$ cat coords_6.cif   # mmCIF, C-alpha atoms
data_start
#
loop_
_atom_site.label_atom_id
_atom_site.label_comp_id
_atom_site.auth_asym_id
_atom_site.auth_seq_id
_atom_site.Cartn_x
_atom_site.Cartn_y
_atom_site.Cartn_z
CA MET A 16 20.97 7.21 -0.09
CA LEU A 17 18.61 4.29 0.38
CA ALA A 18 20.04 3.56 3.81
CA GLU A 19 19.55 7.19 4.84
CA ARG A 20 15.95 7.15 3.62
CA THR A 21 15.02 3.91 5.36
CA GLU A 22 16.60 5.07 8.64
CA THR A 23 14.04 7.85 8.86
CA LEU A 24 11.02 5.58 8.39
CA PRO A 25 8.80 5.38 11.46
CA TYR A 26 8.02 2.00 13.06
CA ARG A 27 11.27 0.51 11.71
CA ALA A 28 12.62 -0.57 15.10
CA GLU A 29 9.26 -2.06 16.11
CA VAL A 30 8.98 -3.96 12.84
CA LEU A 31 12.48 -5.42 13.26
CA ALA A 32 11.71 -6.45 16.84
CA ALA A 33 8.33 -7.92 15.86
CA ARG A 34 10.02 -9.95 13.13
CA LYS A 35 12.26 -11.45 15.77
CA GLY A 36 9.17 -12.58 17.66
CA ASP A 37 8.74 -9.63 20.04
CA ARG A 38 4.96 -9.48 20.43
CA SER A 39 5.03 -6.31 22.53
CA ALA A 40 6.72 -4.55 19.60
CA PHE A 41 3.91 -5.73 17.34
CA GLU A 42 1.38 -4.51 19.89
CA ALA A 43 3.02 -1.07 19.76
CA LEU A 44 2.65 -1.13 15.98
CA VAL A 45 -1.04 -2.03 16.26
CA ARG A 46 -1.61 0.80 18.74
CA SER A 47 0.12 3.28 16.42
CA VAL A 48 -1.85 2.51 13.28
CA GLN A 49 -5.17 1.16 14.61
CA ARG A 50 -7.04 4.45 14.20
CA PRO A 51 -6.37 5.07 10.48
CA VAL A 52 -6.85 1.38 9.73
CA TYR A 53 -10.17 1.19 11.58
CA GLY A 54 -11.19 4.57 10.11
CA LEU A 55 -10.61 3.38 6.55
CA CYS A 56 -12.47 0.11 7.24
CA LEU A 57 -15.44 2.02 8.66
CA ARG A 58 -15.53 4.43 5.72
CA LEU A 59 -15.49 1.55 3.27
CA LEU A 60 -17.72 -0.96 5.06
CA ARG A 61 -20.02 1.46 6.91
CA THR A 62 -20.74 -0.83 9.85
CA GLU A 63 -18.82 -0.73 13.10
CA ALA A 64 -18.92 -4.48 13.72
CA GLU A 65 -17.57 -5.34 10.28
CA ALA A 66 -14.97 -2.56 10.44
CA ALA A 67 -13.69 -3.88 13.79
CA GLU A 68 -13.61 -7.44 12.50
CA VAL A 69 -11.75 -6.51 9.32
CA ALA A 70 -9.32 -4.31 11.27
CA GLN A 71 -8.51 -7.31 13.50
CA GLU A 72 -8.08 -9.54 10.49
CA THR A 73 -5.84 -6.92 8.88
CA PHE A 74 -3.44 -6.90 11.82
CA LEU A 75 -3.42 -10.67 11.99
CA ARG A 76 -2.51 -10.87 8.28
CA ALA A 77 0.15 -8.22 8.80
CA TYR A 78 1.65 -10.30 11.62
CA GLN A 79 1.53 -13.50 9.58
CA HIS A 80 3.18 -11.82 6.60
CA LEU A 81 5.71 -9.57 8.35
CA GLY A 82 8.43 -11.47 6.48
CA ARG A 83 7.03 -10.25 3.17
CA TYR A 84 6.93 -6.59 4.21
CA ASP A 85 9.50 -4.46 2.38
CA ASP A 86 10.87 -2.33 5.21
CA SER A 87 12.12 0.38 2.88
CA LYS A 88 8.44 1.44 2.54
CA PRO A 89 6.17 2.91 5.24
CA PHE A 90 4.68 0.22 7.47
CA ASP A 91 1.37 2.02 7.96
CA LEU A 92 0.75 2.19 4.20
CA TRP A 93 1.44 -1.52 3.89
CA VAL A 94 -1.11 -2.29 6.61
CA MET A 95 -3.62 0.13 5.06
CA ALA A 96 -3.26 -1.69 1.74
CA ILE A 97 -4.02 -5.00 3.46
CA ALA A 98 -7.07 -3.44 5.15
CA ARG A 99 -8.25 -2.02 1.85
CA ASN A 100 -7.98 -5.38 0.08
CA LEU A 101 -9.90 -7.13 2.85
CA CYS A 102 -12.61 -4.45 2.79
CA LEU A 103 -12.96 -4.67 -0.99
CA ASP A 104 -13.20 -8.46 -0.78
CA LEU A 105 -16.01 -8.10 1.76
CA LEU A 106 -17.79 -5.44 -0.29
CA ARG A 107 -17.69 -7.74 -3.31
CA ARG A 108 -19.31 -10.48 -1.26
CA ARG A 109 -22.02 -8.19 0.05
CA SER A 110 -25.28 -8.23 -1.84
CA ARG A 111 -26.87 -5.12 -0.40
CA VAL A 112 -26.42 -2.42 2.23
CA HIS A 113 -28.96 -1.98 5.02
CA THR A 114 -30.15 1.51 5.83
CA GLN A 115 -29.59 1.04 9.55
CA ASP A 116 -25.92 0.33 8.84
CA VAL A 117 -25.51 3.79 7.36
CA ASP A 118 -27.24 5.33 10.38
CA GLU A 119 -24.91 3.42 12.64
CA MET A 120 -21.94 4.86 10.80
CA HIS A 121 -23.22 8.44 11.26
CA GLU A 122 -23.12 7.96 15.00
CA ALA A 123 -19.66 6.47 14.86
CA LEU A 124 -17.89 9.05 12.72
CA PRO A 125 -16.87 12.20 14.56
CA SER A 126 -15.84 15.50 13.00
CA GLY A 127 -12.84 17.61 14.03
CA GLU A 128 -12.56 19.75 17.14
CA ARG A 129 -14.96 22.65 17.31
CA SER A 130 -16.16 25.15 19.88
CA GLN A 131 -19.49 24.69 21.73
CA GLU A 132 -21.05 27.71 19.98
CA GLU A 133 -20.44 26.10 16.61
CA GLY A 134 -21.60 22.77 17.95
CA VAL A 135 -25.22 22.50 16.87
CA ILE A 136 -24.87 23.91 13.36
CA ALA A 137 -21.58 22.14 12.73
CA ALA A 138 -23.05 18.82 13.90
CA GLU A 139 -25.91 19.21 11.44
CA GLU A 140 -23.50 20.11 8.60
CA HIS A 141 -21.29 17.21 9.56
CA ARG A 142 -24.25 14.84 9.53
CA SER A 143 -25.31 16.10 6.13
CA LEU A 144 -21.76 15.69 4.79
CA GLU A 145 -21.44 12.16 6.15
CA SER A 146 -24.88 11.32 4.80
CA ALA A 147 -23.91 12.54 1.32
CA MET A 148 -20.59 10.70 1.51
CA ALA A 149 -22.37 7.47 2.41
CA THR A 150 -24.20 7.57 -0.93
CA LEU A 151 -20.93 7.56 -2.90
CA GLY A 152 -19.26 4.43 -4.20
CA SER A 153 -16.48 2.79 -2.21
CA ASP A 154 -13.78 4.15 -4.58
CA ASP A 155 -14.93 7.71 -3.98
CA ARG A 156 -15.35 7.27 -0.22
CA GLU A 157 -11.91 5.75 -0.02
CA VAL A 158 -10.05 8.50 -1.86
CA LEU A 159 -11.90 11.23 0.07
CA ALA A 160 -11.19 9.53 3.41
CA LEU A 161 -7.50 9.05 2.69
CA TYR A 162 -6.93 12.58 1.41
CA TYR A 163 -9.17 14.74 3.55
CA VAL A 164 -9.70 12.72 6.73
CA GLN A 165 -6.31 11.05 7.04
CA LYS A 166 -4.42 13.90 5.32
CA ARG A 167 -2.38 11.49 3.20
CA THR A 168 -0.37 12.72 0.23
CA THR A 169 -1.36 11.72 -3.29
CA LYS A 170 1.76 9.54 -3.45
CA GLU A 171 0.77 7.70 -0.28
CA ILE A 172 -2.81 7.25 -1.50
CA ALA A 173 -1.52 5.86 -4.77
CA GLN A 174 0.59 3.36 -2.82
CA VAL A 175 -2.38 2.21 -0.73
CA MET A 176 -4.73 1.99 -3.71
CA GLY A 177 -2.15 0.48 -6.06
CA VAL A 178 -2.67 3.11 -8.78
CA ALA A 179 -0.49 5.74 -10.46
CA PRO A 180 0.03 8.87 -8.31
CA GLY A 181 -0.95 11.06 -11.28
CA THR A 182 -4.52 9.73 -11.22
CA ILE A 183 -5.27 10.66 -7.61
CA MET A 184 -6.07 14.36 -8.10
CA ALA A 185 -8.51 13.50 -10.90
CA ARG A 186 -10.16 10.84 -8.70
CA LEU A 187 -10.40 13.36 -5.88
CA PHE A 188 -12.05 15.93 -8.09
CA ARG A 189 -14.57 13.42 -9.43
CA ALA A 190 -15.42 12.21 -5.92
CA ARG A 191 -15.76 15.78 -4.62
CA GLU A 192 -17.95 16.77 -7.55
CA LYS A 193 -20.26 13.79 -6.92
CA LEU A 194 -20.38 14.76 -3.26
CA ARG A 195 -21.20 18.37 -4.11
CA ARG A 196 -24.03 17.31 -6.40
CA GLN A 197 -25.36 14.90 -3.78
CA MET A 198 -25.35 17.60 -1.13
CA LYS A 199 -27.19 19.96 -3.49
CA THR A 200 -29.83 17.28 -4.07
CA GLU A 201 -30.19 16.70 -0.32
CA ASP A 202 -30.45 20.43 0.35
CA ALA A 203 -33.12 20.78 -2.35
CA SER A 204 -35.18 17.94 -0.90
CA MET B 13 -21.78 28.21 -19.39
CA ASN B 14 -20.92 27.91 -23.08
CA GLY B 15 -17.25 28.63 -23.63
CA CYS B 16 -16.34 28.01 -20.02
CA PRO B 17 -13.36 25.77 -19.31
CA GLU B 18 -13.86 22.36 -17.70
CA LEU B 19 -14.44 22.74 -13.97
CA GLU B 20 -11.60 20.37 -13.04
CA ALA B 21 -9.13 22.26 -15.21
CA LEU B 22 -10.46 25.58 -13.94
CA ILE B 23 -10.01 24.60 -10.28
CA LEU B 24 -6.50 23.37 -10.97
CA ALA B 25 -5.58 26.52 -12.89
CA GLN B 26 -7.07 28.70 -10.17
CA SER B 27 -5.05 26.91 -7.50
CA GLU B 28 -1.94 27.67 -9.55
CA HIS B 29 -3.05 31.33 -9.92
CA ALA B 30 -3.14 31.06 -13.71
CA PRO B 31 -4.06 34.52 -15.08
CA ASP B 32 -6.56 33.13 -17.63
CA ALA B 33 -8.44 31.18 -14.96
CA LEU B 34 -8.53 34.13 -12.56
CA ALA B 35 -9.77 36.42 -15.34
CA HIS B 36 -12.50 33.94 -16.28
CA LEU B 37 -13.65 33.61 -12.67
CA ARG B 38 -13.90 37.39 -12.35
CA HIS B 39 -16.28 37.54 -15.33
CA CYS B 40 -18.26 34.29 -14.91
CA PRO B 41 -20.41 34.20 -11.77
CA ALA B 42 -21.57 30.63 -12.51
CA CYS B 43 -18.04 29.22 -12.59
CA ALA B 44 -17.01 31.36 -9.62
CA ALA B 45 -19.92 29.91 -7.62
CA LEU B 46 -18.97 26.34 -8.52
CA VAL B 47 -15.33 26.88 -7.60
CA GLU B 48 -16.39 28.47 -4.31
CA GLU B 49 -18.66 25.46 -3.57
CA HIS B 50 -15.71 23.11 -4.09
CA ARG B 51 -13.50 25.27 -1.89
CA GLN B 52 -16.09 25.25 0.89
CA LEU B 53 -16.61 21.52 0.52
CA GLU B 54 -12.87 20.90 0.83
CA LYS B 55 -12.82 23.02 3.97
CA ASP B 56 -15.61 20.92 5.50
CA LEU B 57 -14.01 17.65 4.42
CA PHE B 58 -10.69 18.60 6.02
CA ARG B 59 -12.53 18.97 9.35
CA LEU B 60 -13.51 15.31 9.41
CA VAL B 61 -11.39 12.99 11.52
CA ASP B 62 -11.09 9.24 11.88
CA PRO B 63 -13.33 7.61 14.49
CA LEU B 64 -11.80 6.08 17.57
CA PRO B 65 -11.47 2.31 17.22
CA PRO B 66 -13.20 0.07 19.77
CA PRO B 67 -11.25 0.13 23.07
CA ASP B 68 -10.70 -3.64 22.97
CA LEU B 69 -9.38 -3.75 19.39
CA VAL B 70 -5.71 -4.07 20.41
CA SER B 71 -6.39 -6.75 23.04
CA ARG B 72 -8.48 -8.75 20.56
CA VAL B 73 -5.77 -8.51 17.91
CA MET B 74 -3.08 -9.55 20.39
CA ALA B 75 -5.18 -12.50 21.59
CA ARG B 76 -5.33 -13.74 18.00
CA VAL B 77 -1.64 -13.00 17.47
CA ALA B 78 -0.77 -15.00 20.61
CA ALA B 79 -2.33 -18.06 19.00
CA GLU B 80 -0.10 -17.66 15.94
CA PRO B 81 3.44 -18.99 15.53
CA ALA B 82 6.17 -16.32 15.49
CA PRO B 83 6.57 -14.77 12.03
CA VAL B 84 9.31 -16.32 9.91
CA ARG B 85 11.40 -14.08 7.69
CA LEU B 86 11.24 -14.68 3.98
CA GLU B 87 15.01 -15.34 3.85
CA MET B 88 14.64 -18.11 6.41
CA LYS B 89 11.79 -19.65 4.42
CA THR B 90 13.89 -19.48 1.25
CA ALA B 91 16.89 -21.05 2.98
CA LEU B 92 14.74 -23.87 4.35
CA SER B 93 13.22 -24.46 0.90
CA ILE B 94 16.69 -24.67 -0.70
CA LEU B 95 17.86 -27.06 2.02
CA ALA B 96 14.78 -29.26 1.53
CA LEU B 97 15.34 -29.30 -2.26
CA ALA B 98 19.02 -30.21 -1.82
CA LEU B 99 18.13 -33.06 0.52
CA MET B 100 15.47 -34.28 -1.87
CA ALA B 101 17.97 -34.19 -4.78
CA ALA B 102 20.48 -36.16 -2.69
CA VAL B 103 17.91 -38.82 -1.81
CA LEU B 104 16.74 -39.08 -5.44
CA THR B 105 20.34 -39.46 -6.66
CA PHE B 106 20.93 -42.14 -4.05
CA VAL B 107 17.79 -44.01 -5.11
CA ALA B 108 18.56 -43.61 -8.84
CA ASN B 109 21.96 -45.30 -8.25
CA HIS B 110 20.21 -48.16 -6.42
CA GLY B 111 22.03 -47.22 -3.24
CA ASN B 112 25.39 -47.91 -4.86
CA ILE B 113 27.60 -45.21 -3.33
CA GLY B 114 30.67 -46.55 -5.17
CA LEU B 115 29.00 -46.01 -8.56
CA LEU B 116 28.07 -42.53 -7.42
CA GLY B 117 31.72 -41.83 -6.62
CA VAL B 118 32.86 -43.05 -10.07
CA ARG B 119 30.29 -40.81 -11.77
CA ALA B 120 31.32 -37.83 -9.64
CA ALA B 121 35.01 -38.40 -10.48
CA SER B 122 34.32 -38.68 -14.22
CA GLY B 123 32.22 -35.49 -13.96
CA VAL B 124 35.13 -33.68 -12.32
CA VAL B 125 37.49 -34.83 -15.07
CA ALA B 126 35.03 -33.68 -17.76
CA TRP B 127 34.65 -30.25 -16.09
CA ARG B 128 38.46 -29.99 -15.75
CA HIS B 129 38.81 -30.52 -19.50
CA LEU B 130 36.11 -27.91 -20.11
CA PHE B 131 37.84 -25.33 -17.87
CA MET B 132 41.23 -26.04 -19.47
CA GLY B 133 39.71 -25.55 -22.94
CA ALA B 134 38.07 -22.30 -21.82
CA GLY B 135 41.37 -21.10 -20.35
CA GLU B 136 43.20 -21.80 -23.60
CA ALA B 137 40.50 -19.95 -25.56
CA MET B 138 40.86 -16.94 -23.24
CA THR B 139 44.64 -16.93 -23.71
CA ALA B 140 44.18 -17.01 -27.48
CA ILE B 141 41.72 -14.10 -27.37
CA TRP B 142 43.99 -12.10 -25.06
CA SER B 143 47.00 -12.56 -27.32
CA THR B 144 45.11 -11.58 -30.51
CA ALA B 145 42.48 -9.00 -29.44
CA ALA B 146 43.14 -7.84 -25.88
CA LEU B 147 41.76 -4.30 -26.20
CA PRO B 148 38.40 -5.17 -27.83
CA PHE B 149 38.01 -7.95 -25.27
CA VAL B 150 38.63 -5.63 -22.30
CA VAL B 151 36.25 -3.01 -23.73
CA ALA B 152 33.53 -5.61 -24.32
CA MET B 153 33.90 -7.06 -20.82
CA ALA B 154 33.89 -3.60 -19.21
CA GLY B 155 30.72 -2.74 -21.15
CA LEU B 156 29.09 -5.96 -20.02
CA VAL B 157 29.96 -5.37 -16.36
CA ILE B 158 28.89 -1.70 -16.37
CA SER B 159 25.56 -2.42 -18.09
CA SER B 160 24.89 -5.31 -15.67
CA VAL B 161 25.61 -3.18 -12.61
CA TRP B 162 23.45 -0.36 -13.99
CA GLY B 163 20.63 -2.78 -14.69
CA LEU B 164 20.84 -4.27 -11.19
CA ARG B 165 20.80 -0.81 -9.61
CA ARG B 166 17.68 0.11 -11.59
CA LEU B 167 16.06 -3.15 -10.61
CA ALA B 168 16.78 -2.51 -6.93
CA ALA B 169 15.51 1.06 -7.10
CA HIS B 170 12.22 0.05 -8.74
CA ARG B 171 11.60 -3.04 -6.70
CA VAL B 172 7.84 -3.57 -6.45
CA VAL B 173 6.51 -3.22 -2.92
CA GLU B 174 4.62 -6.24 -1.84
CA VAL B 175 1.63 -4.56 -0.26
CA GLU B 176 -1.04 -6.90 -1.43
CA VAL B 177 -1.46 -9.69 1.05
CA ARG B 178 -4.40 -11.88 0.20
CA PRO B 179 -5.61 -15.06 1.83
#
$ encode --input "coords_6.cif" --output "structure tokens"
Amino acid sequence: MLAERTETLPYRAEVLAARKGDRSAFEALVRSVQRPVYGLCLRLLRTEAEAAEVAQETFLRAYQHLGRYDDSKPFDLWVMAIARNLCLDLLRRRSRVHTQDVDEMHEALPSGERSQEEGVIAAEEHRSLESAMATLGSDDREVLALYYVQKRTTKEIAQVMGVAPGTIMARLFRAREKLRRQMKTEDAS
Amino acid sequence: MNGCPELEALILAQSEHAPDALAHLRHCPACAALVEEHRQLEKDLFRLVDPLPPPDLVSRVMARVAAEPAPVRLEMKTALSILALALMAAVLTFVANHGNIGLLGVRAASGVVAWRHLFMGAGEAMTAIWSTAALPFVVAMAGLVISSVWGLRRLAAHRVVEVEVRP
């Protein structure tokens, strides 16, 4: 059963090759998971430069610790957990957030595909949503990003965040409720 | 909204088409509006996508990776550690015997004789048990083996994933 399950895991062949010293296999792994890793870093850190730096550091740590990776679990979730820990470490060290950083993030974060007719209104709604999200705490931003942006399951989110899967839906509701209230406040003002 | 259920519970119940929740939403415009706001918000959130990473992210990562030694598997590290410990133990034993290999041989031989006596005693005890209480012995051993295998299987199934890599 376990063998069957692990056979279906993506990135398995690349991980095995990378462990044997094949750097091109590791490069393929980086290419495959760079977007969600960078996306999570940007949502948590809110500055492009820091997100890029932490994403780089994440992949370096992943390479250095490939021997510790349990290959019966998804590789991308393992890397996301490393990225998350590095981001949280950096957030703890930060004393304050500059306003221009948040503005920078608004420019960097795109929304999904939409037609040109919807463009102007949707862009404004998107901006307002991102602006409201930026006011939330890192825990809330993280759970919203993983569930809604990256379309992860609650089980996967629990694995990345190191919490019980049963707590994720409650966290999501709380984060969404804070976001709803924040958007109401912004609309009123 | 006195008497209204908690919003979180209401949303969950509504998503499961619970009759009570649906009935409440039909008769409570305030709750219905809140649930609709959450639904709309979810719709908007699902439209968001991850940003594209910087184009040079992969090349930067690979430049740093190129400066690193090839990753070593944990098993290899463990094997090397055991080998180093064994070598250290051998050197310490050699030093403790003041480099007298002959004395070391005498001690090893007397150790073998002592272990031989121990094994012979254990064998005789086993024979005695077998001749007096074979069935209870077999049952007890089978229970021990089965519970050990079951425990090991559980341990393997619930092995903690090492996802937390810190500096």
$ resolve_selection --input "coords_6.cif" --expression "the PyMOL selection byres ((chain B and resi 73-83) around 7)" --output "MDAnalysis selection string"
(chainID A and resid 34 36 42 71 74:75 78:79 81:82) or (chainID B and resid 69:72 84:85)
$ closest_residue --input "coords_6.cif" --among "A:Gly54, A:Pro89, A:Gly152, A:Gly181" --to "chain B" --atoms "only C-alpha atoms"
A:Gly54
$ atom_distance --input "coords_6.cif" --atom1 "atom CA of Ala67 of chain A" --atom2 "atom CA of Tyr53 of chain A"
6.6 Å
$ atom_distance --input "coords_6.cif" --atom1 "atom CA of Leu115 of chain B" --atom2 "atom CA of Ala134 of chain B"
28.6 Å
$ atom_distance --input "coords_6.cif" --atom1 "atom CA of Val164 of chain A" --atom2 "atom CA of Pro63 of chain B"
10.0 Å
$ resolve_selection --input "coords_6.cif" --expression "the PyMOL selection byres ((chain B and resi 19-30) around 9)" --output "VMD selection string"
(chain A and resid 185 188 to 189) or (chain B and resid 16 to 18 31 to 37 43 46 to 47 50)
$ closest_residue --input "coords_6.cif" --among "A:Ala77, A:Leu60, A:Ile172, A:Cys102" --to "chain B" --atoms "only C-alpha atoms"
A:Ala77
$ residues_around --input "coords_6.cif" --residues "Arg119 of chain B" --least-positions-apart "6" --cutoff "12 Å" --atoms "only C-alpha atoms" --output "list in words"
Thr105, Asn109, Asn112, Ile113, Val125 and Ala126 of chain B
$ write_last_selection --input "coords_6.cif" --atoms "C-alpha atoms" --output "mmCIF file, in the frame of the given file"
data_model
loop_
_atom_site.group_PDB
_atom_site.id
_atom_site.type_symbol
_atom_site.label_atom_id
_atom_site.label_comp_id
_atom_site.auth_asym_id
_atom_site.auth_seq_id
_atom_site.Cartn_x
_atom_site.Cartn_y
_atom_site.Cartn_z
ATOM 1 C CA THR B 105 20.340 -39.460 -6.660
ATOM 2 C CA ASN B 109 21.960 -45.300 -8.250
ATOM 3 C CA ASN B 112 25.390 -47.910 -4.860
ATOM 4 C CA ILE B 113 27.600 -45.210 -3.330
ATOM 5 C CA VAL B 125 37.490 -34.830 -15.070
ATOM 6 C CA ALA B 126 35.030 -33.680 -17.760
#
$ closest_residue --input "coords_6.cif" --among "B:Val151, B:Val61, B:Ile158, B:Val107" --to "chain A" --atoms "only C-alpha atoms"
B:Val61
$ resolve_selection --input "coords_6.cif" --expression "the PyMOL selection byres ((chain A and resi 148) around 12)" --output "ChimeraX atom specification"
/A:58-59,61,117,120-121,124,141-147,149-160,190-198,201 /B:53,57,60
$ closest_residue --input "coords_6.cif" --among "B:Cys40, B:Ala140, B:Leu64, B:Val118" --to "Cys56 of chain A" --atoms "all atoms listed in the file"
B:Leu64
$ closest_residue --input "coords_6.cif" --among "B:His39, B:Arg165, B:His129, B:His110" --to "chain A" --atoms "only C-alpha atoms"
B:Arg165
$ build_atoms --input "coords_6.cif" --residues "segment 110-137 of chain B" --atoms "N, CA and C atoms" --output "PDB file, keeping the file's coordinate frame"
ATOM      1  N   HIS B 110      20.542 -46.915  -7.139  1.00  0.00           N
ATOM      2  CA  HIS B 110      20.210 -48.160  -6.420  1.00  0.00           C
ATOM      3  C   HIS B 110      21.031 -48.311  -5.147  1.00  0.00           C
ATOM      4  N   GLY B 111      21.307 -47.198  -4.512  1.00  0.00           N
ATOM      5  CA  GLY B 111      22.030 -47.220  -3.240  1.00  0.00           C
ATOM      6  C   GLY B 111      23.503 -47.539  -3.373  1.00  0.00           C
ATOM      7  N   ASN B 112      23.977 -47.568  -4.647  1.00  0.00           N
ATOM      8  CA  ASN B 112      25.390 -47.910  -4.860  1.00  0.00           C
ATOM      9  C   ASN B 112      26.262 -46.646  -4.743  1.00  0.00           C
ATOM     10  N   ILE B 113      26.812 -46.422  -3.574  1.00  0.00           N
ATOM     11  CA  ILE B 113      27.600 -45.210  -3.330  1.00  0.00           C
ATOM     12  C   ILE B 113      28.881 -45.230  -4.181  1.00  0.00           C
ATOM     13  N   GLY B 114      29.435 -46.433  -4.390  1.00  0.00           N
ATOM     14  CA  GLY B 114      30.670 -46.550  -5.170  1.00  0.00           C
ATOM     15  C   GLY B 114      30.467 -46.056  -6.593  1.00  0.00           C
ATOM     16  N   LEU B 115      29.321 -46.452  -7.195  1.00  0.00           N
ATOM     17  CA  LEU B 115      29.000 -46.010  -8.560  1.00  0.00           C
ATOM     18  C   LEU B 115      28.848 -44.495  -8.599  1.00  0.00           C
ATOM     19  N   LEU B 116      28.264 -43.981  -7.526  1.00  0.00           N
ATOM     20  CA  LEU B 116      28.070 -42.530  -7.420  1.00  0.00           C
ATOM     21  C   LEU B 116      29.429 -41.820  -7.413  1.00  0.00           C
ATOM     22  N   GLY B 117      30.376 -42.403  -6.694  1.00  0.00           N
ATOM     23  CA  GLY B 117      31.720 -41.830  -6.620  1.00  0.00           C
ATOM     24  C   GLY B 117      32.401 -41.832  -7.980  1.00  0.00           C
ATOM     25  N   VAL B 118      32.254 -42.951  -8.726  1.00  0.00           N
ATOM     26  CA  VAL B 118      32.860 -43.050 -10.070  1.00  0.00           C
ATOM     27  C   VAL B 118      32.281 -41.979 -10.975  1.00  0.00           C
ATOM     28  N   ARG B 119      30.945 -41.814 -10.908  1.00  0.00           N
ATOM     29  CA  ARG B 119      30.290 -40.810 -11.770  1.00  0.00           C
ATOM     30  C   ARG B 119      30.755 -39.399 -11.392  1.00  0.00           C
ATOM     31  N   ALA B 120      30.868 -39.156 -10.089  1.00  0.00           N
ATOM     32  CA  ALA B 120      31.320 -37.830  -9.640  1.00  0.00           C
ATOM     33  C   ALA B 120      32.730 -37.563 -10.136  1.00  0.00           C
ATOM     34  N   ALA B 121      33.608 -38.572 -10.042  1.00  0.00           N
ATOM     35  CA  ALA B 121      35.010 -38.400 -10.480  1.00  0.00           C
ATOM     36  C   ALA B 121      35.070 -38.137 -11.978  1.00  0.00           C
ATOM     37  N   SER B 122      34.288 -38.893 -12.766  1.00  0.00           N
ATOM     38  CA  SER B 122      34.320 -38.680 -14.220  1.00  0.00           C
ATOM     39  C   SER B 122      33.753 -37.294 -14.562  1.00  0.00           C
ATOM     40  N   GLY B 123      32.772 -36.842 -13.764  1.00  0.00           N
ATOM     41  CA  GLY B 123      32.220 -35.490 -13.960  1.00  0.00           C
ATOM     42  C   GLY B 123      33.280 -34.438 -13.702  1.00  0.00           C
ATOM     43  N   VAL B 124      34.070 -34.645 -12.654  1.00  0.00           N
ATOM     44  CA  VAL B 124      35.130 -33.680 -12.320  1.00  0.00           C
ATOM     45  C   VAL B 124      36.156 -33.621 -13.442  1.00  0.00           C
ATOM     46  N   VAL B 125      36.509 -34.790 -13.972  1.00  0.00           N
ATOM     47  CA  VAL B 125      37.490 -34.830 -15.070  1.00  0.00           C
ATOM     48  C   VAL B 125      36.935 -34.093 -16.290  1.00  0.00           C
ATOM     49  N   ALA B 126      35.647 -34.333 -16.592  1.00  0.00           N
ATOM     50  CA  ALA B 126      35.030 -33.680 -17.760  1.00  0.00           C
ATOM     51  C   ALA B 126      35.024 -32.163 -17.570  1.00  0.00           C
ATOM     52  N   TRP B 127      34.672 -31.695 -16.371  1.00  0.00           N
ATOM     53  CA  TRP B 127      34.650 -30.250 -16.090  1.00  0.00           C
ATOM     54  C   TRP B 127      36.063 -29.669 -16.170  1.00  0.00           C
ATOM     55  N   ARG B 128      37.063 -30.468 -15.719  1.00  0.00           N
ATOM     56  CA  ARG B 128      38.460 -29.990 -15.750  1.00  0.00           C
ATOM     57  C   ARG B 128      38.874 -29.733 -17.190  1.00  0.00           C
ATOM     58  N   HIS B 129      38.486 -30.694 -18.074  1.00  0.00           N
ATOM     59  CA  HIS B 129      38.810 -30.520 -19.500  1.00  0.00           C
ATOM     60  C   HIS B 129      38.140 -29.276 -20.058  1.00  0.00           C
ATOM     61  N   LEU B 130      36.882 -29.071 -19.628  1.00  0.00           N
ATOM     62  CA  LEU B 130      36.110 -27.910 -20.110  1.00  0.00           C
ATOM     63  C   LEU B 130      36.797 -26.610 -19.668  1.00  0.00           C
ATOM     64  N   PHE B 131      37.189 -26.546 -18.396  1.00  0.00           N
ATOM     65  CA  PHE B 131      37.840 -25.330 -17.870  1.00  0.00           C
ATOM     66  C   PHE B 131      39.188 -25.088 -18.553  1.00  0.00           C
ATOM     67  N   MET B 132      39.927 -26.183 -18.801  1.00  0.00           N
ATOM     68  CA  MET B 132      41.230 -26.040 -19.470  1.00  0.00           C
ATOM     69  C   MET B 132      41.038 -25.497 -20.881  1.00  0.00           C
ATOM     70  N   GLY B 133      40.023 -26.018 -21.574  1.00  0.00           N
ATOM     71  CA  GLY B 133      39.710 -25.550 -22.940  1.00  0.00           C
ATOM     72  C   GLY B 133      39.338 -24.067 -22.922  1.00  0.00           C
ATOM     73  N   ALA B 134      38.502 -23.697 -21.929  1.00  0.00           N
ATOM     74  CA  ALA B 134      38.070 -22.300 -21.820  1.00  0.00           C
ATOM     75  C   ALA B 134      39.261 -21.398 -21.537  1.00  0.00           C
ATOM     76  N   GLY B 135      40.178 -21.871 -20.688  1.00  0.00           N
ATOM     77  CA  GLY B 135      41.370 -21.100 -20.350  1.00  0.00           C
ATOM     78  C   GLY B 135      42.242 -20.873 -21.577  1.00  0.00           C
ATOM     79  N   GLU B 136      42.381 -21.917 -22.384  1.00  0.00           N
ATOM     80  CA  GLU B 136      43.200 -21.800 -23.600  1.00  0.00           C
ATOM     81  C   GLU B 136      42.558 -20.817 -24.583  1.00  0.00           C
ATOM     82  N   ALA B 137      41.220 -20.875 -24.665  1.00  0.00           N
ATOM     83  CA  ALA B 137      40.500 -19.950 -25.560  1.00  0.00           C
ATOM     84  C   ALA B 137      40.711 -18.509 -25.106  1.00  0.00           C
TER      85      ALA B 137
END
